[in-house]
>>> print(open('coords.cif').read())   # mmCIF, C-alpha atoms
data_upload
loop_
_atom_site.label_atom_id
_atom_site.label_comp_id
_atom_site.auth_asym_id
_atom_site.auth_seq_id
_atom_site.Cartn_x
_atom_site.Cartn_y
_atom_site.Cartn_z
CA ASN A 1075 97.66 36.11 117.60
CA ILE A 1076 97.17 35.52 121.29
CA GLY A 1077 98.29 38.37 123.52
CA GLU A 1078 98.93 40.93 120.75
CA GLY A 1079 97.92 44.52 121.26
CA MET A 1080 98.36 44.66 125.03
CA GLU A 1081 97.46 48.16 126.20
CA ASP A 1082 98.48 48.91 129.77
CA LYS A 1083 96.64 52.24 130.03
CA SER A 1084 93.21 50.85 129.25
CA SER A 1085 93.97 47.31 130.49
CA VAL A 1086 92.63 45.83 127.24
CA ALA A 1087 94.07 42.63 125.76
CA VAL A 1088 93.45 41.40 122.22
CA LEU A 1089 92.62 37.73 122.62
CA ALA A 1090 92.03 36.91 118.95
CA GLN A 1091 92.29 38.73 115.67
CA GLY A 1092 90.59 37.72 112.43
CA PRO A 1093 90.72 39.20 108.92
CA SER A 1094 88.04 41.77 109.62
CA VAL A 1095 87.11 41.54 113.25
CA LYS A 1096 88.88 41.78 116.60
CA PHE A 1097 87.67 40.36 119.85
CA TYR A 1098 88.45 42.30 122.96
CA LEU A 1099 88.12 41.36 126.57
CA GLN A 1100 88.42 43.74 129.46
CA VAL A 1101 90.92 42.33 131.93
CA GLU A 1102 92.10 43.47 135.30
CA LEU A 1103 95.90 43.29 135.48
CA ASP A 1104 96.85 42.93 139.13
CA GLU A 1105 100.26 44.00 140.44
CA ASN A 1106 101.71 40.50 140.20
CA ALA A 1107 100.72 40.13 136.55
CA LYS A 1108 102.26 43.49 135.68
CA ARG A 1109 105.45 42.56 137.49
CA ARG A 1110 105.73 39.18 135.69
CA GLN A 1111 105.12 40.85 132.32
CA LEU A 1112 107.83 43.44 133.03
CA ILE A 1113 110.34 40.84 134.21
CA LEU A 1114 109.76 38.33 131.42
CA SER A 1115 110.08 41.01 128.75
CA ASP A 1116 113.53 41.91 130.07
CA LEU A 1117 115.02 38.42 130.40
CA SER A 1118 117.18 36.61 127.89
CA SER A 1119 116.00 33.18 126.77
CA ASP A 1120 119.31 31.64 127.85
CA GLN A 1121 118.38 32.17 131.48
CA PHE A 1122 114.68 31.46 131.74
CA VAL A 1123 112.03 29.89 129.48
CA TYR A 1124 108.29 29.40 129.81
CA PRO A 1125 106.06 26.60 128.38
CA GLY A 1126 105.76 26.77 124.61
CA GLN A 1127 108.84 28.95 124.10
CA VAL A 1128 111.28 27.82 121.40
CA ILE A 1129 114.66 27.06 122.99
CA THR A 1130 116.60 26.43 119.78
CA ARG A 1131 115.94 26.06 116.07
CA GLU A 1132 119.16 24.16 115.44
CA LYS A 1133 118.80 20.56 114.27
CA ASP A 1134 121.86 19.14 116.00
CA PHE A 1135 120.64 18.65 119.59
CA ILE A 1136 119.58 15.91 122.04
CA ARG A 1137 116.23 16.43 123.76
CA GLY A 1138 116.34 16.37 127.57
CA HIS A 1139 113.80 16.60 130.39
CA GLY A 1140 111.29 19.45 130.19
CA THR A 1141 111.41 19.73 126.39
CA LEU A 1142 109.70 18.38 123.27
CA VAL A 1143 110.31 18.60 119.52
CA GLU A 1144 107.69 20.51 117.53
CA ASP A 1145 108.14 21.38 113.84
CA GLN A 1146 111.84 20.48 114.17
CA ASN A 1147 112.22 23.08 116.93
CA LEU A 1148 113.04 22.29 120.56
CA VAL A 1149 110.24 23.69 122.74
CA ALA A 1150 110.06 24.02 126.55
CA THR A 1151 107.25 22.20 128.35
CA VAL A 1152 107.89 23.68 131.82
CA SER A 1153 108.93 27.05 133.24
CA GLY A 1154 112.55 26.92 134.28
CA VAL A 1155 116.23 27.41 133.58
CA VAL A 1156 117.84 26.01 130.43
CA GLU A 1157 120.73 23.62 131.03
CA ARG A 1158 123.13 22.64 128.24
CA VAL A 1159 125.60 19.76 128.46
CA ASN A 1160 127.28 19.45 125.04
CA LYS A 1161 124.36 18.60 122.71
CA LEU A 1162 121.95 17.67 125.52
CA ILE A 1163 119.46 20.46 126.27
CA SER A 1164 117.03 20.24 129.18
CA VAL A 1165 114.93 22.60 131.29
CA LYS A 1166 115.25 22.50 135.06
CA PRO A 1167 111.91 23.49 136.66
CA LEU A 1168 112.07 26.53 138.94
CA LYS A 1169 110.23 25.02 141.86
CA SER A 1170 111.64 21.50 141.86
CA ARG A 1171 112.98 19.98 145.07
CA TYR A 1172 116.70 19.53 145.66
CA GLY A 1173 117.86 16.15 144.36
CA GLY A 1174 121.39 16.05 145.74
CA GLU A 1175 124.78 14.91 144.49
CA VAL A 1176 127.72 13.53 146.44
CA GLY A 1177 130.06 16.37 147.40
CA ASP A 1178 127.39 19.10 147.42
CA VAL A 1179 127.67 21.68 150.19
CA VAL A 1180 124.23 22.24 151.71
CA ILE A 1181 122.67 24.21 154.54
CA GLY A 1182 120.06 22.46 156.64
CA ARG A 1183 117.88 22.82 159.70
CA ILE A 1184 117.76 20.15 162.40
CA VAL A 1185 114.19 18.86 162.66
CA GLU A 1186 114.61 15.80 164.91
CA VAL A 1187 117.15 14.28 167.30
CA SER A 1188 116.94 10.48 167.36
CA GLN A 1189 119.20 7.57 168.25
CA LYS A 1190 122.72 8.11 166.86
CA ARG A 1191 121.44 10.52 164.20
CA TRP A 1192 119.85 13.87 163.44
CA LYS A 1193 117.19 14.44 160.79
CA VAL A 1194 117.95 17.55 158.73
CA ASP A 1195 115.65 19.57 156.47
CA ILE A 1196 117.71 20.19 153.31
CA ASN A 1197 114.86 21.37 151.03
CA GLY A 1198 114.89 17.96 149.34
CA ARG A 1199 112.40 15.24 148.50
CA SER A 1200 113.13 13.76 151.93
CA ASP A 1201 115.02 14.84 155.05
CA GLY A 1202 118.77 14.33 155.18
CA VAL A 1203 120.43 12.19 157.85
CA LEU A 1204 123.44 13.29 159.90
CA MET A 1205 124.94 10.35 161.80
CA LEU A 1206 126.66 10.81 165.15
CA SER A 1207 129.76 9.20 163.65
CA SER A 1208 129.80 11.85 160.86
CA ILE A 1209 130.40 14.94 163.02
CA ASN A 1210 133.48 16.55 164.54
CA LEU A 1211 133.87 15.99 168.27
CA PRO A 1212 134.95 18.97 170.43
CA GLY A 1213 138.64 19.67 169.93
CA GLY A 1214 138.74 17.58 166.77
CA VAL A 1215 139.30 14.37 168.76
CA GLN A 1216 139.36 11.22 166.61
CA ARG A 1217 137.81 8.27 168.48
CA ARG A 1218 134.90 5.87 168.45
CA ARG A 1219 131.55 7.27 169.57
CA THR A 1220 130.45 5.99 172.97
CA ALA A 1221 127.15 5.64 174.83
CA GLU A 1222 128.03 8.87 176.63
CA ASP A 1223 128.23 10.68 173.27
CA GLN A 1224 124.72 9.42 172.45
CA LEU A 1225 123.39 10.84 175.72
CA ASN A 1226 125.07 14.19 174.97
CA MET A 1227 123.82 14.54 171.38
CA ARG A 1228 121.81 17.64 172.26
CA SER A 1229 125.00 19.37 173.33
CA PHE A 1230 126.06 19.25 169.65
CA PHE A 1231 122.84 20.08 167.76
CA VAL A 1232 119.21 20.54 168.81
CA GLU A 1233 115.97 21.14 166.92
CA ASN A 1234 115.92 24.28 164.74
CA ASP A 1235 119.72 24.63 164.69
CA LEU A 1236 121.09 25.66 161.29
CA ILE A 1237 124.14 23.77 160.04
CA SER A 1238 126.36 23.61 156.99
CA ALA A 1239 127.28 20.11 155.80
CA GLU A 1240 128.39 18.07 152.81
CA VAL A 1241 126.53 15.28 151.04
CA GLN A 1242 128.45 12.08 151.79
CA GLN A 1243 126.38 9.35 150.17
CA PHE A 1244 122.85 8.11 149.46
CA PHE A 1245 121.06 5.35 151.36
CA SER A 1246 119.18 2.58 149.54
CA ASP A 1247 115.85 4.38 150.10
CA GLY A 1248 117.19 7.58 148.48
CA ALA A 1249 117.77 9.47 151.73
CA VAL A 1250 120.78 11.78 151.79
CA SER A 1251 123.61 11.09 154.25
CA LEU A 1252 125.48 14.20 155.44
CA HIS A 1253 128.74 14.81 157.29
CA THR A 1254 130.36 17.78 159.07
CA ARG A 1255 133.84 16.33 159.60
CA SER A 1256 135.65 19.40 158.29
CA LEU A 1257 136.18 22.48 160.46
CA LYS A 1258 134.47 24.66 157.84
CA TYR A 1259 131.19 22.83 158.46
CA GLY A 1260 129.05 22.90 161.57
CA LYS A 1261 126.55 25.07 163.44
CA LEU A 1262 125.66 28.49 161.99
CA THR A 1263 124.96 31.46 164.27
CA ASN A 1264 124.73 35.26 164.05
CA GLY A 1265 123.62 35.68 160.48
CA ILE A 1266 120.75 35.88 158.00
CA PHE A 1267 119.08 32.75 156.59
CA LEU A 1268 117.54 32.86 153.12
CA ASN A 1269 115.55 30.31 151.09
CA VAL A 1270 115.58 30.49 147.26
CA TRP A 1271 114.75 28.07 144.43
CA PRO A 1272 117.48 25.39 144.14
CA SER A 1273 117.35 25.56 140.33
CA LEU A 1274 118.76 29.11 140.43
CA MET A 1275 121.88 28.10 142.38
CA LYS A 1276 124.90 27.98 140.06
CA ARG A 1277 127.53 25.37 140.84
CA CYS A 1278 130.88 26.97 141.72
CA LYS A 1279 134.25 25.60 142.81
CA THR A 1280 133.39 26.49 146.40
CA SER A 1281 130.22 27.37 148.27
CA PHE A 1282 132.01 29.57 150.84
CA HIS A 1283 132.50 33.11 149.53
CA SER A 1284 133.93 36.23 151.15
CA LEU A 1285 132.57 39.28 149.32
CA ALA A 1286 135.57 41.58 149.00
CA GLY A 1287 135.48 45.03 150.53
CA ILE A 1288 132.08 44.88 152.25
CA GLY A 1289 132.84 42.61 155.23
CA VAL A 1290 130.25 39.97 154.36
CA ASP A 1291 130.61 36.18 154.01
CA VAL A 1292 128.07 34.08 152.10
CA ILE A 1293 127.51 30.33 152.09
CA LEU A 1294 125.60 29.39 148.93
CA GLY A 1295 124.05 25.99 149.61
CA ILE A 1296 123.32 24.09 146.40
CA ASN A 1297 119.97 23.10 147.95
CA GLY A 1298 118.71 26.70 147.81
CA TYR A 1299 119.44 27.60 151.43
CA ILE A 1300 121.79 30.58 151.84
CA TRP A 1301 123.59 31.91 154.91
CA ILE A 1302 124.84 35.52 155.17
CA SER A 1303 127.13 36.61 158.00
CA ALA A 1304 129.76 39.21 158.90
CA THR A 1305 133.35 38.37 157.96
CA GLY A 1306 134.82 39.09 161.42
CA GLN A 1307 132.53 37.80 164.13
CA ASN A 1308 135.00 38.49 166.96
CA ASN A 1309 135.45 41.99 168.28
CA GLU A 1310 138.78 43.39 167.11
CA GLY A 1311 139.42 44.85 170.55
CA GLU A 1312 139.31 41.36 172.06
CA LYS A 1313 141.72 39.72 169.62
CA LYS A 1314 144.79 40.75 171.61
CA LYS A 1315 143.39 39.40 174.84
CA GLY A 1316 146.06 36.92 176.06
CA GLU A 1317 146.36 34.34 178.73
CA GLU A 1318 148.58 36.63 180.73
CA GLY A 1319 147.18 39.92 181.86
CA GLU A 1320 147.36 42.97 179.60
CA GLU A 1321 147.75 46.59 180.41
CA LYS A 1322 144.45 48.44 180.54
CA MET A 1323 143.51 50.78 177.70
CA GLU A 1324 143.21 54.45 178.37
CA GLU A 1325 139.54 55.39 178.87
CA ASP A 1326 139.36 57.87 175.97
CA GLU A 1327 141.08 55.50 173.57
CA ARG A 1328 138.75 52.67 174.55
CA LYS A 1329 135.64 54.80 174.00
CA GLU A 1330 136.92 55.93 170.60
CA LYS A 1331 137.55 52.33 169.53
CA GLU A 1332 134.08 51.30 170.72
CA TRP A 1333 132.49 54.11 168.68
CA VAL A 1334 134.43 53.10 165.54
CA SER A 1335 133.42 49.48 166.13
CA VAL A 1336 129.73 50.40 166.45
CA GLU A 1337 129.86 52.42 163.21
CA LYS A 1338 131.64 49.59 161.41
CA GLU A 1339 129.14 47.01 162.66
CA ALA A 1340 126.21 49.16 161.52
CA LYS A 1341 127.72 49.42 158.03
CA VAL A 1342 128.34 45.66 157.88
CA MET A 1343 124.74 44.98 158.98
CA GLU A 1344 123.47 47.28 156.24
CA ASN A 1345 125.66 45.43 153.70
CA MET A 1346 124.32 42.08 154.91
CA THR A 1347 120.73 43.27 154.48
CA ARG A 1348 121.53 44.71 151.05
CA ILE A 1349 123.09 41.39 149.98
CA ARG A 1350 119.95 39.59 151.21
CA ASN A 1351 117.68 41.84 149.16
CA ALA A 1352 120.00 41.55 146.14
CA ILE A 1353 119.59 37.76 146.24
CA LEU A 1354 115.80 38.08 146.53
CA ALA A 1355 115.80 40.45 143.54
CA LEU A 1356 117.80 37.91 141.51
CA MET A 1357 115.29 35.20 142.40
CA LYS A 1358 112.34 37.37 141.39
CA CYS A 1359 114.00 37.95 138.01
CA PHE A 1360 114.93 34.28 137.56
CA VAL A 1361 118.66 35.06 137.33
CA LEU A 1362 121.27 32.48 138.39
CA ILE A 1363 122.64 33.18 141.86
CA TYR A 1364 126.42 33.18 142.34
CA PRO A 1365 128.96 35.75 143.65
CA ASP A 1366 129.29 37.71 140.36
CA THR A 1367 125.54 38.31 139.97
CA ILE A 1368 125.16 39.06 143.68
CA MET A 1369 127.90 41.72 143.62
CA ALA A 1370 126.63 43.21 140.33
CA THR A 1371 123.16 43.63 141.88
CA PHE A 1372 124.65 44.92 145.14
CA GLU A 1373 126.66 47.61 143.31
CA SER A 1374 123.71 48.60 141.10
CA SER A 1375 121.59 49.22 144.21
CA GLY A 1376 124.02 51.70 145.78
CA ASN A 1377 121.73 54.74 145.38
CA ILE A 1378 118.53 52.87 146.28
CA ALA A 1379 117.21 52.46 149.83
CA VAL A 1380 117.59 48.91 151.15
CA LYS A 1381 113.86 48.51 151.85
CA ARG A 1382 112.99 49.41 148.23
CA MET A 1383 115.31 46.86 146.59
CA THR A 1384 112.59 44.21 146.31
CA ASP A 1385 109.90 46.53 144.90
CA PRO A 1386 108.54 45.28 141.53
CA ASP A 1387 109.64 48.43 139.68
CA VAL A 1388 113.18 48.24 141.12
CA VAL A 1389 114.18 44.57 140.81
CA VAL A 1390 114.52 44.65 137.01
CA GLU A 1391 116.60 47.84 137.14
CA ILE A 1392 119.14 46.60 139.70
CA THR A 1393 119.51 43.12 138.16
CA ARG A 1394 120.04 44.39 134.61
CA LYS A 1395 123.84 44.01 134.81
CA ALA A 1396 123.73 40.61 136.55
#
>>> encode(input="coords.cif", output="structure tokens")
Amino acid sequence: NIGEGMEDKSSVAVLAQGPSVKFYLQVELDENAKRRQLILSDLSSDQFVYPGQVITREKDFIRGHGTLVEDQNLVATVSGVVERVNKLISVKPLKSRYGGEVGDVVIGRIVEVSQKRWKVDINGRSDGVLMLSSINLPGGVQRRRTAEDQLNMRSFFVENDLISAEVQQFFSDGAVSLHTRSLKYGKLTNGIFLNVWPSLMKRCKTSFHSLAGIGVDVILGINGYIWISATGQNNEGEKKKGEEGEEKMEEDERKEKEWVSVEKEAKVMENMTRIRNAILALMKCFVLIYPDTIMATFESSGNIAVKRMTDPDVVVEITRKA
């Protein structure tokens, strides 16, 4: 039996066992191998499977991609996440590229500005295309795009800008066409960008989530790109600033409000970093990423330092309830 008799203390693995003889081979287990062994032993088969693992022994199923039938059992042929649609069972590889579906909310990075369009890296098989006619003009003005708009394209987006957008359609060559016509889409600033495997992104009713009670907003792009930002970007002290002049605050009161604001911002920044590390921990444990699992991991890490959340011996502990 391959892999039986694993002994961590002496780092000895039994490679084969016969009726009267055992063959041993001294092996060096590096930190990554130990971490993978610890993680895989703690995962349920409904979340993650590896090649050769039996997915189901039931007879009433339809074989999908990433599977084969062996001795009337459905067996995985790739490492990935099991997907079930009625009787159809398939395995979605962990490191596959984003394929795209119409209506998906994605996060992308501008890689090129060309005539009447931007090329956008969306973690897919090819770059997405954002047409000049598919963006919101300043003030939400509805009109035809002019030659002047083409000359001013860099005033909208430039190389390396991060944007949120929606998949509008597919071109004949398979390229993805994007649009940002809604006010909820557009340029992203003042936040944390994160890249995870697209196969771990769970489809939800919305991709824009406000995590209650911690002052953090998250955009979960189906393409594996994630954006984390503070809920209130504007300073609360500036909200009441009107067109007409306002009476000046008393000096002591102003200083007190500034101190409270600094403390609040520091706490929000810590929460943002903790959410980032919670998502990385979920990815390392091959757990689907959506608001419930993110918050479960965030709450489980309350007594653990932020910088230790991604340590191999910690990730399994804090993702256990996810």
>>> residues_around(input="coords.cif", residues="Gly1260 of chain A", least_positions_apart="5", cutoff="9 Å", atoms="all atoms listed in the file", output="number ranges by chain")
A: 1209-1210, 1236-1239, 1254-1255
>>> residues_around(input="coords.cif", residues="Gly1177 of chain A", least_positions_apart="5", cutoff="9 Å", atoms="all atoms listed in the file", output="JSON list (two decimals) with C-alpha atoms, in the frame of the given file")
[["chain", "number", "residue", "atom", "x", "y", "z"],
["A", 1240, "GLU", "CA", 128.39, 18.07, 152.81],
["A", 1241, "VAL", "CA", 126.53, 15.28, 151.04],
["A", 1242, "GLN", "CA", 128.45, 12.08, 151.79],
["A", 1243, "GLN", "CA", 126.38, 9.35, 150.17]]
>>> residues_near_point(input="coords.cif", point="(132.1, 31.7, 152.7)", cutoff="8 Å", atoms="all atoms listed in the file", output="number ranges by chain")
A: 1281-1284, 1291-1294
>>> residues_around(input="coords.cif", residues="Val1380 of chain A", least_positions_apart="5", cutoff="9 Å", atoms="all atoms listed in the file", output="list in words")
Glu1344, Thr1347, Arg1348, Asn1351 and Ser1375 of chain A
>>> closest_residue(input="coords.cif", among="A:Val1232, A:Ala1396, A:Ser1200, A:Gln1224", to="Val1185 of chain A", atoms="all atoms listed in the file")
A:Val1232
>>> resolve_selection(input="coords.cif", expression="the PyMOL selection byres ((chain A and resi 1196) around 9)", output="list in words")
Tyr1172, Val1180, Ile1181, Gly1182, Arg1183, Val1194, Asp1195, Asn1197, Gly1198, Arg1199, Ser1200, Asp1201, Gly1202, Asn1297, Gly1298 and Tyr1299 of chain A
>>> write_last_selection(input="coords.cif", atoms="C-alpha atoms", output="PDB file, in the frame of the given file")
ATOM      1  CA  TYR A1172     116.700  19.530 145.660  1.00  0.00           C
ATOM      2  CA  VAL A1180     124.230  22.240 151.710  1.00  0.00           C
ATOM      3  CA  ILE A1181     122.670  24.210 154.540  1.00  0.00           C
ATOM      4  CA  GLY A1182     120.060  22.460 156.640  1.00  0.00           C
ATOM      5  CA  ARG A1183     117.880  22.820 159.700  1.00  0.00           C
ATOM      6  CA  VAL A1194     117.950  17.550 158.730  1.00  0.00           C
ATOM      7  CA  ASP A1195     115.650  19.570 156.470  1.00  0.00           C
ATOM      8  CA  ASN A1197     114.860  21.370 151.030  1.00  0.00           C
ATOM      9  CA  GLY A1198     114.890  17.960 149.340  1.00  0.00           C
ATOM     10  CA  ARG A1199     112.400  15.240 148.500  1.00  0.00           C
ATOM     11  CA  SER A1200     113.130  13.760 151.930  1.00  0.00           C
ATOM     12  CA  ASP A1201     115.020  14.840 155.050  1.00  0.00           C
ATOM     13  CA  GLY A1202     118.770  14.330 155.180  1.00  0.00           C
ATOM     14  CA  ASN A1297     119.970  23.100 147.950  1.00  0.00           C
ATOM     15  CA  GLY A1298     118.710  26.700 147.810  1.00  0.00           C
ATOM     16  CA  TYR A1299     119.440  27.600 151.430  1.00  0.00           C
TER      17      TYR A1299
END
>>> residues_around(input="coords.cif", residues="Phe1267 of chain A", least_positions_apart="6", cutoff="7 Å", atoms="only C-alpha atoms", output="VMD selection string")
chain A and resid 1300 to 1302
>>> residues_around(input="coords.cif", residues="Arg1228 of chain A", least_positions_apart="4", cutoff="12 Å", atoms="only C-alpha atoms", output="PyMOL selection string")
chain A and resi 1184+1186-1192+1206+1222-1224+1232-1235
>>> atom_distance(input="coords.cif", atom1="atom CA of Asn1226 of chain A", atom2="atom CA of Gly1213 of chain A")
15.5 Å
>>> residues_near_point(input="coords.cif", point="(108.5, 24.6, 126.2)", cutoff="10 Å", atoms="all atoms listed in the file", output="list in words")
Val1123, Tyr1124, Pro1125, Gly1126, Gln1127, Val1128, Ile1129, Gly1140, Thr1141, Leu1142, Val1143, Glu1144, Leu1148, Val1149, Ala1150, Thr1151, Val1152, Ser1153, Gly1154 and Val1165 of chain A
>>> write_last_selection(input="coords.cif", atoms="C-alpha atoms", output="PDB file, in the frame of the given file")
ATOM      1  CA  VAL A1123     112.030  29.890 129.480  1.00  0.00           C
ATOM      2  CA  TYR A1124     108.290  29.400 129.810  1.00  0.00           C
ATOM      3  CA  PRO A1125     106.060  26.600 128.380  1.00  0.00           C
ATOM      4  CA  GLY A1126     105.760  26.770 124.610  1.00  0.00           C
ATOM      5  CA  GLN A1127     108.840  28.950 124.100  1.00  0.00           C
ATOM      6  CA  VAL A1128     111.280  27.820 121.400  1.00  0.00           C
ATOM      7  CA  ILE A1129     114.660  27.060 122.990  1.00  0.00           C
ATOM      8  CA  GLY A1140     111.290  19.450 130.190  1.00  0.00           C
ATOM      9  CA  THR A1141     111.410  19.730 126.390  1.00  0.00           C
ATOM     10  CA  LEU A1142     109.700  18.380 123.270  1.00  0.00           C
ATOM     11  CA  VAL A1143     110.310  18.600 119.520  1.00  0.00           C
ATOM     12  CA  GLU A1144     107.690  20.510 117.530  1.00  0.00           C
ATOM     13  CA  LEU A1148     113.040  22.290 120.560  1.00  0.00           C
ATOM     14  CA  VAL A1149     110.240  23.690 122.740  1.00  0.00           C
ATOM     15  CA  ALA A1150     110.060  24.020 126.550  1.00  0.00           C
ATOM     16  CA  THR A1151     107.250  22.200 128.350  1.00  0.00           C
ATOM     17  CA  VAL A1152     107.890  23.680 131.820  1.00  0.00           C
ATOM     18  CA  SER A1153     108.930  27.050 133.240  1.00  0.00           C
ATOM     19  CA  GLY A1154     112.550  26.920 134.280  1.00  0.00           C
ATOM     20  CA  VAL A1165     114.930  22.600 131.290  1.00  0.00           C
TER      21      VAL A1165
END
>>> decode(input="coords.cif", residues="segment 1253-1267 of chain A", atoms="C-alpha atoms", output="short mmCIF file (atom, residue, chain, number, x, y, z; two decimals), in the first residue's frame")
data_model
loop_
_atom_site.label_atom_id
_atom_site.label_comp_id
_atom_site.auth_asym_id
_atom_site.auth_seq_id
_atom_site.Cartn_x
_atom_site.Cartn_y
_atom_site.Cartn_z
CA HIS A 1253 -18.38 47.53 -19.94
CA THR A 1254 -18.41 49.97 -16.99
CA ARG A 1255 -21.69 51.76 -17.74
CA SER A 1256 -23.03 51.44 -14.20
CA LEU A 1257 -21.92 53.81 -11.43
CA LYS A 1258 -20.82 50.85 -9.30
CA TYR A 1259 -18.11 50.01 -11.84
CA GLY A 1260 -15.02 52.02 -12.69
CA LYS A 1261 -11.56 52.86 -11.40
CA LEU A 1262 -10.43 51.37 -8.06
CA THR A 1263 -8.22 53.34 -5.68
CA ASN A 1264 -7.13 53.26 -2.03
CA GLY A 1265 -7.37 49.56 -1.32
CA ILE A 1266 -5.67 46.16 -1.37
CA PHE A 1267 -5.49 44.04 -4.53
#
